[in-house]
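What's in target_5.txt: compact mmCIF, C-alpha atoms
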```
# COMPACT_ATOMS: atom_id res chain seq x y z
CA LEU I 1 0.00 0.00 0.00
CA GLY I 2 1.23 3.48 -0.84
CA PRO I 3 0.62 6.91 0.66
CA ASN I 4 -2.29 7.52 -1.75
CA ASP I 5 -4.16 4.58 -0.23
CA TYR I 6 -4.69 6.41 3.10
CA VAL I 7 -6.77 9.50 3.78
CA ARG I 8 -6.69 11.47 7.02
CA MET I 9 -9.94 13.31 7.65
CA PRO I 10 -10.21 16.00 10.32
CA CYS I 11 -13.36 15.87 12.46
CA GLN I 12 -15.13 18.78 14.19
CA GLY I 13 -16.85 16.48 16.67
CA MET I 14 -15.77 13.40 18.60
CA PRO I 15 -15.64 10.42 16.19
CA THR I 16 -18.26 7.72 16.57
CA VAL I 17 -16.42 5.18 14.40
CA LEU I 18 -14.03 2.46 15.52
CA PRO I 19 -10.85 1.04 13.93
CA GLY I 20 -11.67 -1.81 11.53
CA GLN I 21 -15.11 -0.44 10.71
CA LEU I 22 -16.03 -0.25 7.00
CA LEU I 23 -17.60 2.98 5.80
CA HIS I 24 -19.35 4.09 2.65
CA ARG I 25 -18.89 7.61 1.34
CA GLY I 26 -21.31 9.85 3.24
CA ASP I 27 -21.43 7.67 6.40
CA ALA I 28 -21.09 9.53 9.70
CA LEU I 29 -17.61 9.89 11.24
CA SER I 30 -19.04 11.98 14.07
CA ILE I 31 -22.28 13.83 14.69
CA GLU I 32 -21.00 16.75 12.57
CA ASP I 33 -18.78 14.97 10.03
CA LYS I 34 -19.31 12.57 7.13
CA ALA I 35 -16.80 10.32 5.34
CA GLU I 36 -15.56 11.86 2.09
CA ILE I 37 -14.57 8.46 0.70
CA SER I 38 -15.39 4.80 1.20
CA GLY I 39 -12.87 2.85 3.22
CA GLN I 40 -11.84 1.06 6.39
CA VAL I 41 -11.16 3.01 9.58
CA LEU I 42 -7.50 2.49 10.51
CA LEU I 43 -6.96 5.12 13.20
CA VAL I 44 -9.07 7.42 15.34
CA GLU I 45 -7.05 10.02 17.20
CA SER I 46 -7.40 13.25 19.09
CA THR I 47 -5.23 16.11 17.90
CA PRO I 48 -4.64 18.47 20.86
CA LYS I 49 -2.21 20.66 18.90
CA GLU I 50 -4.77 21.13 16.14
CA ALA I 51 -7.48 21.89 18.71
CA ALA I 52 -5.23 24.46 20.46
CA ALA I 53 -4.71 26.17 17.11
CA GLY I 54 -8.50 26.47 16.66
CA ARG I 55 -8.75 23.62 14.16
CA CYS I 56 -10.36 20.16 14.39
CA ALA I 57 -9.73 18.30 17.63
CA TYR I 58 -9.96 14.82 16.11
CA SER I 59 -9.00 12.96 12.97
CA VAL I 60 -9.95 9.66 11.39
CA THR I 61 -7.59 7.86 9.03
CA LEU I 62 -9.22 5.66 6.39
CA ARG I 63 -7.71 3.16 4.02
CA ARG I 64 -9.32 3.85 0.61
CA ALA I 65 -11.80 1.28 -0.64
CA SER I 66 -14.45 0.94 -3.27
CA CYS I 67 -17.84 -0.66 -2.92
CA ASN I 68 -18.73 -3.46 -5.31
CA LEU I 69 -22.25 -4.79 -5.31
CA PHE I 70 -23.30 -8.24 -6.48
CA THR I 71 -26.78 -9.55 -7.12
CA GLY I 72 -28.13 -12.54 -5.26
CA SER I 73 -27.18 -14.75 -8.19
CA GLY I 74 -23.55 -13.54 -8.20
CA ASN I 75 -20.63 -15.37 -6.59
CA VAL I 76 -18.23 -13.48 -4.31
CA LEU I 77 -14.72 -14.92 -4.60
CA VAL I 78 -12.94 -13.02 -1.81
CA LYS I 79 -13.37 -13.29 1.94
CA ASN I 80 -14.44 -10.41 4.15
CA GLY I 81 -11.42 -8.38 5.22
CA SER I 82 -9.15 -9.76 2.49
CA MET I 83 -6.62 -7.47 0.84
CA VAL I 84 -7.15 -7.27 -2.89
CA ALA I 85 -5.03 -5.57 -5.51
CA LYS I 86 -6.24 -3.52 -8.43
CA GLY I 87 -7.37 -5.89 -11.17
CA ASP I 88 -8.13 -8.84 -8.83
CA VAL I 89 -11.34 -10.72 -9.59
CA LEU I 90 -13.72 -10.11 -6.71
CA GLY I 91 -16.61 -12.18 -7.95
CA THR I 92 -18.69 -13.24 -10.89
CA GLU I 93 -22.19 -12.43 -12.03
CA ASN I 94 -24.41 -14.83 -13.90
CA LEU I 95 -25.46 -13.11 -17.09
CA VAL I 96 -29.02 -13.92 -18.02
CA VAL I 97 -29.71 -13.33 -21.69
CA PRO I 98 -33.32 -13.73 -22.68
CA LYS I 99 -33.83 -16.04 -25.62
CA THR I 100 -36.11 -14.77 -28.29
CA ALA I 101 -38.32 -16.72 -30.62
CA ASP I 102 -38.22 -13.83 -33.07
CA ILE I 103 -36.60 -15.19 -36.22
CA VAL I 104 -36.11 -11.75 -37.70
CA ALA I 105 -34.07 -10.62 -34.63
CA GLY I 106 -34.46 -6.95 -35.50
CA LEU I 107 -32.93 -7.16 -38.97
CA PRO I 108 -34.98 -4.78 -41.15
CA ARG I 109 -33.99 -6.52 -44.38
CA ILE I 110 -35.12 -9.90 -43.00
CA THR I 111 -38.38 -8.34 -41.83
CA GLY I 112 -38.94 -7.01 -45.34
CA LEU I 113 -38.21 -10.40 -46.88
CA PHE I 114 -40.60 -12.24 -44.55
CA GLU I 115 -43.31 -9.68 -45.15
CA ALA I 116 -42.58 -9.72 -48.91
CA VAL I 117 -42.13 -5.96 -48.75
CA GLN I 118 -39.50 -4.76 -51.17
CA HIS I 119 -39.63 -1.44 -52.87
CA GLY I 120 -38.56 -0.73 -56.40
CA ARG I 121 -38.62 -2.73 -59.59
CA ASN I 122 -37.23 -5.94 -58.13
CA ASN I 123 -39.88 -6.67 -55.49
CA LEU I 124 -41.25 -10.20 -55.07
CA HIS I 125 -44.52 -9.50 -56.87
CA THR I 126 -42.72 -8.08 -59.89
CA ARG I 127 -40.33 -11.03 -59.98
CA MET I 128 -43.20 -13.50 -59.70
CA ALA I 129 -44.93 -11.88 -62.68
CA LYS I 130 -41.68 -11.93 -64.68
CA TYR I 131 -41.05 -15.62 -63.91
CA PHE I 132 -44.66 -16.47 -64.79
CA ASP I 133 -44.47 -14.61 -68.12
CA GLU I 134 -41.23 -16.43 -69.04
CA ALA I 135 -42.60 -19.86 -68.04
CA GLN I 136 -45.93 -19.25 -69.77
CA LYS I 137 -44.13 -19.04 -73.13
CA SER I 138 -43.24 -22.72 -72.97
CA MET I 139 -45.90 -24.33 -70.72
CA PRO I 140 -49.59 -24.12 -69.75
CA ASN I 141 -50.73 -21.59 -67.12
CA PHE I 142 -50.88 -23.99 -64.15
CA ALA I 143 -47.40 -25.40 -64.82
CA ALA I 144 -46.10 -21.87 -65.44
CA ALA I 145 -47.49 -20.75 -62.07
CA LEU I 146 -45.81 -23.68 -60.30
CA GLU I 147 -42.49 -22.97 -62.05
CA ALA I 148 -42.68 -19.25 -61.22
CA THR I 149 -43.39 -20.09 -57.57
CA ARG I 150 -40.43 -22.50 -57.47
CA LEU I 151 -38.04 -19.92 -58.95
CA LEU I 152 -39.30 -17.17 -56.65
CA ARG I 153 -38.95 -19.45 -53.62
CA ARG I 154 -35.35 -20.29 -54.68
CA ASP I 155 -34.49 -16.57 -54.93
CA TRP I 156 -36.17 -15.76 -51.62
CA VAL I 157 -34.28 -18.55 -49.79
CA ALA I 158 -30.99 -17.32 -51.24
CA GLU I 159 -31.72 -13.73 -50.15
CA VAL I 160 -32.71 -14.73 -46.61
CA GLN I 161 -29.66 -17.01 -46.28
CA SER I 162 -27.39 -14.25 -47.61
CA THR I 163 -28.77 -11.67 -45.17
CA TYR I 164 -28.27 -13.96 -42.18
CA LEU I 165 -24.75 -14.89 -43.33
CA GLU I 166 -23.85 -11.18 -43.56
CA GLN I 167 -24.71 -10.96 -39.85
CA GLY I 168 -22.61 -14.04 -39.06
CA VAL I 169 -25.61 -16.31 -38.48
CA THR I 170 -25.71 -19.66 -40.23
CA ILE I 171 -29.06 -21.32 -40.75
CA ASN I 172 -29.53 -24.53 -42.66
CA SER I 173 -31.25 -23.75 -45.97
CA LYS I 174 -33.80 -26.51 -45.31
CA HIS I 175 -35.29 -24.43 -42.46
CA ILE I 176 -35.61 -21.39 -44.71
CA GLU I 177 -37.04 -23.51 -47.53
CA ILE I 178 -39.77 -24.79 -45.20
CA MET I 179 -40.73 -21.20 -44.36
CA GLY I 180 -40.71 -20.32 -48.05
CA ARG I 181 -43.01 -23.25 -48.86
CA ARG I 182 -45.40 -22.20 -46.11
CA MET I 183 -45.42 -18.62 -47.36
CA THR I 184 -46.00 -19.55 -51.01
CA GLY I 185 -47.97 -22.76 -50.56
```

Can you present the structure in this file as structure tokens?
Amino acid sequence: LGPNDYVRMPCQGMPTVLPGQLLHRGDALSIEDKAEISGQVLLVESTPKEAAAGRCAYSVTLRRASCNLFTGSGNVLVKNGSMVAKGDVLGTENLVVPKTADIVAGLPRITGLFEAVQHGRNNLHTRMAKYFDEAQKSMPNFAAALEATRLLRRDWVAEVQSTYLEQGVTINSKHIEIMGRRMTG
């Protein structure tokens, strides 16, 4: 411990704290005085020379400390009264991350794909019409509609897969294909 780890605080009144006591910033040192820092009381002394000079008659010396709070689910790894150095691990907290069933996970592009909302010339409805017109040249209407749906579904799966991959999320194409079949079926 160095000289910056100790703080001597003058007191106007007689201290009510005892050596070894742990204080938070703002706790009472005496009836008139409050602790300016958090720490452990090391020394309580009267200062007759200071009092004779018209200054504070008492002083309290604190070893600097900081308060660290843990939740009920956290684990404290140090014992009460232990000396710890800067950077020591004091405890751990269990991080609870809520799982979401939201498959779009806040990705606006994914939301647009699932809602079939795309602006401009290349939206899903325009592509479906284009695929149907192309297929209709070589097959009857019903078969052309099935072919257009298949091609559109293939494009949609590729776009959804690409968007998730850009975010670092890998999803088996089969899962996306099932959603595509349900949306277009």

Do you know which residues are at most 10 Å from I:Leu77 counting only C-alpha atoms, after dropping those on the same chain fewer than 5 positions away, and could you put them as a ChimeraX atom specification?
/I:88-92

Can you pull out the residues contacting stretch 140-157 of chain I? Cut-off 8 Å, using all atoms listed in the file, and skip same-chain residues under 4 positions away; I want them as a PyMOL selection string.
chain I and resi 113+124+127-129+131-133+135-136+161+173+176-177+180-181+184

Per-axis box centre and lengths in Å around stretch 135-140 of chain I, 5 Å margin per side, axis-aligned, as JSON:
```
{"center_x": -46.1, "center_y": -21.7, "center_z": -70.6, "size_x": 17.0, "size_y": 15.3, "size_z": 15.1}
```

Calculated over all atoms listed in the file, which of the candidates I:Gln167, I:Gln40, I:Ser82, I:Asn94 has the smallest distance to I:Phe70?
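Nearest candidate to I:Phe70 out of I:Gln167, I:Gln40, I:Ser82, I:Asn94: I:Asn94.
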
Just give me the gap between atom CA of I:Pro10 and atom CA of I:Lys86 in Å, one decimal is fine.
27.4 Å
